[in-house]
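input_12.txt follows (compact mmCIF, C-alpha atoms):
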```txt
# COMPACT_ATOMS: atom_id res chain seq x y z
CA MET G 1 67.82 93.02 107.14
CA GLN G 2 68.97 93.52 110.69
CA MET G 3 71.17 96.49 111.38
CA GLN G 4 74.30 96.24 113.44
CA PRO G 5 73.89 97.70 116.93
CA TRP G 6 76.34 100.51 116.26
CA SER G 7 75.95 100.83 112.50
CA PRO G 8 77.97 103.69 111.02
CA SER G 9 74.99 104.66 108.87
CA VAL G 10 72.77 105.00 111.97
CA GLU G 11 75.42 107.09 113.71
CA ASN G 12 75.86 109.24 110.60
CA ASP G 13 72.11 109.79 110.32
CA LEU G 14 71.89 110.84 113.97
CA ARG G 15 74.98 113.06 113.58
CA HIS G 16 73.23 114.73 110.63
CA LEU G 17 70.09 115.36 112.74
CA LEU G 18 72.15 116.81 115.59
CA ASN G 19 74.09 119.02 113.17
CA GLU G 20 70.85 120.29 111.65
CA TRP G 21 69.61 121.10 115.15
CA ASP G 22 72.98 122.73 115.97
CA PRO G 23 72.12 124.25 119.37
CA ILE G 24 75.44 126.07 119.70
CA GLY G 25 75.73 127.17 116.06
CA VAL G 26 79.02 125.54 115.04
CA ALA G 27 78.02 122.56 112.88
CA ASP G 28 79.11 124.27 109.64
CA GLU G 29 82.68 124.41 110.95
CA VAL G 30 82.81 121.41 113.31
CA GLN G 31 81.00 118.33 112.02
CA ASP G 32 81.67 116.21 115.12
CA GLU G 33 80.77 118.78 117.79
CA TYR G 34 77.77 116.78 118.96
CA ASP G 35 79.33 113.31 118.74
CA CYS G 36 79.37 113.27 122.55
CA MET G 37 75.60 112.81 122.32
CA LEU G 38 75.56 109.96 119.77
CA THR G 39 76.12 106.97 122.03
CA PRO G 40 73.94 108.16 124.93
CA MET G 41 71.09 109.01 122.54
CA LEU G 42 71.34 105.72 120.67
CA GLN G 43 71.36 103.83 123.97
CA ARG G 44 68.23 105.66 125.06
CA LEU G 45 66.50 105.14 121.72
CA ARG G 46 67.36 101.43 121.67
CA GLY G 47 66.08 101.22 125.23
CA GLY G 48 62.68 102.55 124.20
CA ALA G 49 63.03 106.14 125.41
CA ASP G 50 60.14 108.43 124.58
CA GLU G 51 60.13 112.08 123.51
CA THR G 52 60.12 113.28 127.10
CA GLU G 53 63.20 111.26 128.08
CA ILE G 54 65.11 112.31 124.96
CA GLY G 55 64.06 115.94 125.52
CA VAL G 56 65.34 115.87 129.11
CA PHE G 57 68.64 114.36 127.94
CA LEU G 58 69.07 117.04 125.26
CA ARG G 59 68.07 119.84 127.63
CA ASN G 60 70.67 118.64 130.15
CA GLU G 61 73.36 118.41 127.47
CA VAL G 62 72.69 121.95 126.24
CA GLU G 63 72.56 123.36 129.75
CA GLN G 64 75.23 121.37 131.58
CA HIS G 65 77.67 120.23 128.88
CA PHE G 66 77.55 123.26 126.59
CA GLY G 67 76.60 125.83 129.24
CA LEU G 68 73.72 127.39 127.31
CA ASP G 69 70.15 128.31 128.08
CA PRO G 70 68.22 125.31 126.73
CA LEU G 71 65.08 127.32 125.99
CA GLY G 72 66.40 128.77 122.74
CA ALA G 73 67.73 125.38 121.63
CA ARG G 74 64.23 123.85 121.70
CA PRO G 75 65.38 120.40 122.89
CA GLU G 76 61.80 119.11 122.94
CA ALA G 77 61.41 119.84 119.21
CA MET G 78 64.66 117.98 118.51
CA ALA G 79 63.43 115.08 120.66
CA ILE G 80 60.30 114.83 118.50
CA ARG G 81 62.46 114.73 115.36
CA ALA G 82 64.77 112.10 116.87
CA ILE G 83 61.88 109.84 117.88
CA ALA G 84 60.26 110.22 114.44
CA TRP G 85 63.57 109.34 112.76
CA TRP G 86 64.09 106.35 115.05
CA THR G 87 60.54 105.08 114.53
CA ALA G 88 60.92 105.34 110.74
CA LEU G 89 64.25 103.50 110.96
CA GLU G 90 62.68 100.66 112.93
CA VAL G 91 59.77 100.38 110.49
CA ALA G 92 62.09 100.47 107.47
CA HIS G 93 64.15 97.60 108.86
CA GLY G 94 61.29 95.64 110.30
CA ASN G 95 62.86 95.39 113.72
CA SER G 96 64.33 97.36 116.55
CA ALA G 97 67.21 99.19 114.97
```
Turn this file's structure into structure tokens for me.
Amino acid sequence: MQMQPWSPSVENDLRHLLNEWDPIGVADEVQDEYDCMLTPMLQRLRGGADETEIGVFLRNEVEQHFGLDPLGARPEAMAIRAIAWWTALEVAHGNSA
């Protein structure tokens, strides 16, 4: 089964991961706070980005978009989770999601 390029279930899964990460601590009140990262992250993942590239993207978002010190947010740890999720998604669907 091939997934649609912008499948709502893929977006929802990534939104869930970002909300679990919750670098600014508002996901319990604002479920779409990190939606600004969905499309850029999915584009990077579909383009074959690795943990380093995703980590740099997340670090920049935390620092430049949200104005926080990225160290406490642990963007590299979130990048590892995102790549693991993406890899599992690709394997589960037998193609590039």
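Minimum atom-to-atom distance to Val26 of chain G, evaluated using all atoms listed in the file, belongs to G:Phe66 out of G:Arg44, G:Phe66, G:Ile83, G:Phe57.
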Practice item. In the coordinate frame of the file, compute which residues have an atom within 9 Å of (65.8, 112.6, 119.1) when using only C-alpha atoms, and state them as a VMD selection string. Key: chain G and resid 14 17 to 18 41 to 42 45 50 to 51 54 to 55 58 75 to 86
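Distance check against Glu63 of chain G using only C-alpha atoms: of G:Ala49, G:Glu29, G:Glu90, G:Pro23, the minimum falls on G:Pro23.
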Return the single residue from G:Gly47, G:Asp22, G:Leu89, G:Asp13 that is closest to Tyr34 of chain G, with distances computed using only C-alpha atoms.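 Closest residue, counting only C-alpha atoms: G:Asp22.
Between atom CA of Arg74 of chain G and atom CA of Thr52 of chain G the interatomic distance comes to 12.6 Å.
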What does the structure give for the distance between atom CA of Thr39 of chain G and atom CA of His16 of chain G, in Å to one decimal?
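According to the coordinates, atom CA of Thr39 of chain G and atom CA of His16 of chain G are separated by 14.1 Å.
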When you count only C-alpha atoms, which of these residues is closest to Arg59 of chain G: G:Gln43, G:Ser7, G:Met37, G:Ala27?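 Among the listed residues, the smallest separation from Arg59 of chain G belongs to G:Met37.
Taking atom CA of Leu68 of chain G as the reference point, atom CA of Thr87 of chain G is found at 28.9 Å.
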May I ask you to restore all heavy atoms in segment 18-29 of chain G and write the result as a PDB file, in the frame of the given file?
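Result written to part28.pdb:
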```
ATOM      1  N   LEU G  18      71.607 115.926 114.553  1.00  0.00           N
ATOM      2  CA  LEU G  18      72.150 116.810 115.590  1.00  0.00           C
ATOM      3  C   LEU G  18      72.798 118.046 114.969  1.00  0.00           C
ATOM      4  O   LEU G  18      72.653 119.154 115.491  1.00  0.00           O
ATOM      5  CB  LEU G  18      73.157 116.049 116.462  1.00  0.00           C
ATOM      6  CG  LEU G  18      72.552 114.986 117.372  1.00  0.00           C
ATOM      7  CD1 LEU G  18      73.646 114.106 117.977  1.00  0.00           C
ATOM      8  CD2 LEU G  18      71.693 115.609 118.464  1.00  0.00           C
ATOM      9  N   ASN G  19      73.473 117.869 113.841  1.00  0.00           N
ATOM     10  CA  ASN G  19      74.090 119.020 113.170  1.00  0.00           C
ATOM     11  C   ASN G  19      73.048 119.954 112.581  1.00  0.00           C
ATOM     12  O   ASN G  19      73.249 121.168 112.550  1.00  0.00           O
ATOM     13  CB  ASN G  19      75.083 118.555 112.100  1.00  0.00           C
ATOM     14  CG  ASN G  19      76.390 118.078 112.700  1.00  0.00           C
ATOM     15  OD1 ASN G  19      76.728 118.404 113.831  1.00  0.00           O
ATOM     16  ND2 ASN G  19      77.117 117.287 111.951  1.00  0.00           N
ATOM     17  N   GLU G  20      71.932 119.421 112.118  1.00  0.00           N
ATOM     18  CA  GLU G  20      70.850 120.290 111.650  1.00  0.00           C
ATOM     19  C   GLU G  20      70.255 121.083 112.812  1.00  0.00           C
ATOM     20  O   GLU G  20      69.903 122.242 112.660  1.00  0.00           O
ATOM     21  CB  GLU G  20      69.746 119.457 110.988  1.00  0.00           C
ATOM     22  CG  GLU G  20      70.059 119.017 109.592  1.00  0.00           C
ATOM     23  CD  GLU G  20      68.893 118.288 108.944  1.00  0.00           C
ATOM     24  OE1 GLU G  20      67.966 117.841 109.649  1.00  0.00           O
ATOM     25  OE2 GLU G  20      68.911 118.180 107.711  1.00  0.00           O
ATOM     26  N   TRP G  21      70.123 120.435 113.953  1.00  0.00           N
ATOM     27  CA  TRP G  21      69.610 121.100 115.150  1.00  0.00           C
ATOM     28  C   TRP G  21      70.594 122.171 115.587  1.00  0.00           C
ATOM     29  O   TRP G  21      70.212 123.315 115.839  1.00  0.00           O
ATOM     30  CB  TRP G  21      69.392 120.049 116.237  1.00  0.00           C
ATOM     31  CG  TRP G  21      68.929 120.564 117.556  1.00  0.00           C
ATOM     32  CD1 TRP G  21      67.949 121.476 117.797  1.00  0.00           C
ATOM     33  CD2 TRP G  21      69.416 120.161 118.843  1.00  0.00           C
ATOM     34  NE1 TRP G  21      67.784 121.666 119.149  1.00  0.00           N
ATOM     35  CE2 TRP G  21      68.680 120.868 119.815  1.00  0.00           C
ATOM     36  CE3 TRP G  21      70.391 119.272 119.265  1.00  0.00           C
ATOM     37  CZ2 TRP G  21      68.902 120.709 121.178  1.00  0.00           C
ATOM     38  CZ3 TRP G  21      70.607 119.103 120.619  1.00  0.00           C
ATOM     39  CH2 TRP G  21      69.864 119.819 121.560  1.00  0.00           C
ATOM     40  N   ASP G  22      71.861 121.821 115.715  1.00  0.00           N
ATOM     41  CA  ASP G  22      72.980 122.730 115.970  1.00  0.00           C
ATOM     42  C   ASP G  22      72.709 123.764 117.075  1.00  0.00           C
ATOM     43  O   ASP G  22      72.721 124.978 116.815  1.00  0.00           O
ATOM     44  CB  ASP G  22      73.353 123.435 114.661  1.00  0.00           C
ATOM     45  CG  ASP G  22      74.725 124.082 114.699  1.00  0.00           C
ATOM     46  OD1 ASP G  22      75.514 123.790 115.624  1.00  0.00           O
ATOM     47  OD2 ASP G  22      75.001 124.906 113.809  1.00  0.00           O
ATOM     48  N   PRO G  23      72.493 123.308 118.305  1.00  0.00           N
ATOM     49  CA  PRO G  23      72.120 124.250 119.370  1.00  0.00           C
ATOM     50  C   PRO G  23      73.166 125.293 119.719  1.00  0.00           C
ATOM     51  O   PRO G  23      72.821 126.338 120.256  1.00  0.00           O
ATOM     52  CB  PRO G  23      71.852 123.334 120.571  1.00  0.00           C
ATOM     53  CG  PRO G  23      72.650 122.107 120.305  1.00  0.00           C
ATOM     54  CD  PRO G  23      72.618 121.939 118.802  1.00  0.00           C
ATOM     55  N   ILE G  24      74.440 125.050 119.382  1.00  0.00           N
ATOM     56  CA  ILE G  24      75.440 126.070 119.700  1.00  0.00           C
ATOM     57  C   ILE G  24      75.960 126.791 118.452  1.00  0.00           C
ATOM     58  O   ILE G  24      76.807 127.662 118.551  1.00  0.00           O
ATOM     59  CB  ILE G  24      76.615 125.502 120.542  1.00  0.00           C
ATOM     60  CG1 ILE G  24      77.386 124.420 119.796  1.00  0.00           C
ATOM     61  CG2 ILE G  24      76.107 124.976 121.868  1.00  0.00           C
ATOM     62  CD1 ILE G  24      78.643 123.977 120.529  1.00  0.00           C
ATOM     63  N   GLY G  25      75.439 126.418 117.282  1.00  0.00           N
ATOM     64  CA  GLY G  25      75.730 127.170 116.060  1.00  0.00           C
ATOM     65  C   GLY G  25      77.110 126.978 115.473  1.00  0.00           C
ATOM     66  O   GLY G  25      77.665 127.921 114.914  1.00  0.00           O
ATOM     67  N   VAL G  26      77.680 125.764 115.574  1.00  0.00           N
ATOM     68  CA  VAL G  26      79.020 125.540 115.040  1.00  0.00           C
ATOM     69  C   VAL G  26      79.107 124.405 114.029  1.00  0.00           C
ATOM     70  O   VAL G  26      80.193 124.093 113.541  1.00  0.00           O
ATOM     71  CB  VAL G  26      80.035 125.262 116.180  1.00  0.00           C
ATOM     72  CG1 VAL G  26      80.116 126.443 117.135  1.00  0.00           C
ATOM     73  CG2 VAL G  26      79.683 123.978 116.916  1.00  0.00           C
ATOM     74  N   ALA G  27      77.990 123.767 113.706  1.00  0.00           N
ATOM     75  CA  ALA G  27      78.020 122.560 112.880  1.00  0.00           C
ATOM     76  C   ALA G  27      78.612 122.794 111.491  1.00  0.00           C
ATOM     77  O   ALA G  27      79.169 121.872 110.898  1.00  0.00           O
ATOM     78  CB  ALA G  27      76.632 121.947 112.761  1.00  0.00           C
ATOM     79  N   ASP G  28      78.521 124.009 110.958  1.00  0.00           N
ATOM     80  CA  ASP G  28      79.110 124.270 109.640  1.00  0.00           C
ATOM     81  C   ASP G  28      80.625 124.157 109.675  1.00  0.00           C
ATOM     82  O   ASP G  28      81.243 123.768 108.691  1.00  0.00           O
ATOM     83  CB  ASP G  28      78.716 125.668 109.142  1.00  0.00           C
ATOM     84  CG  ASP G  28      77.268 125.735 108.711  1.00  0.00           C
ATOM     85  OD1 ASP G  28      76.665 124.670 108.448  1.00  0.00           O
ATOM     86  OD2 ASP G  28      76.729 126.854 108.636  1.00  0.00           O
ATOM     87  N   GLU G  29      81.226 124.461 110.822  1.00  0.00           N
ATOM     88  CA  GLU G  29      82.680 124.410 110.950  1.00  0.00           C
ATOM     89  C   GLU G  29      83.175 123.125 111.611  1.00  0.00           C
ATOM     90  O   GLU G  29      84.271 122.663 111.331  1.00  0.00           O
ATOM     91  CB  GLU G  29      83.208 125.608 111.759  1.00  0.00           C
ATOM     92  CG  GLU G  29      83.068 126.944 111.068  1.00  0.00           C
ATOM     93  CD  GLU G  29      81.690 127.573 111.271  1.00  0.00           C
ATOM     94  OE1 GLU G  29      81.070 127.330 112.310  1.00  0.00           O
ATOM     95  OE2 GLU G  29      81.239 128.299 110.366  1.00  0.00           O
TER      96      GLU G  29
END
```
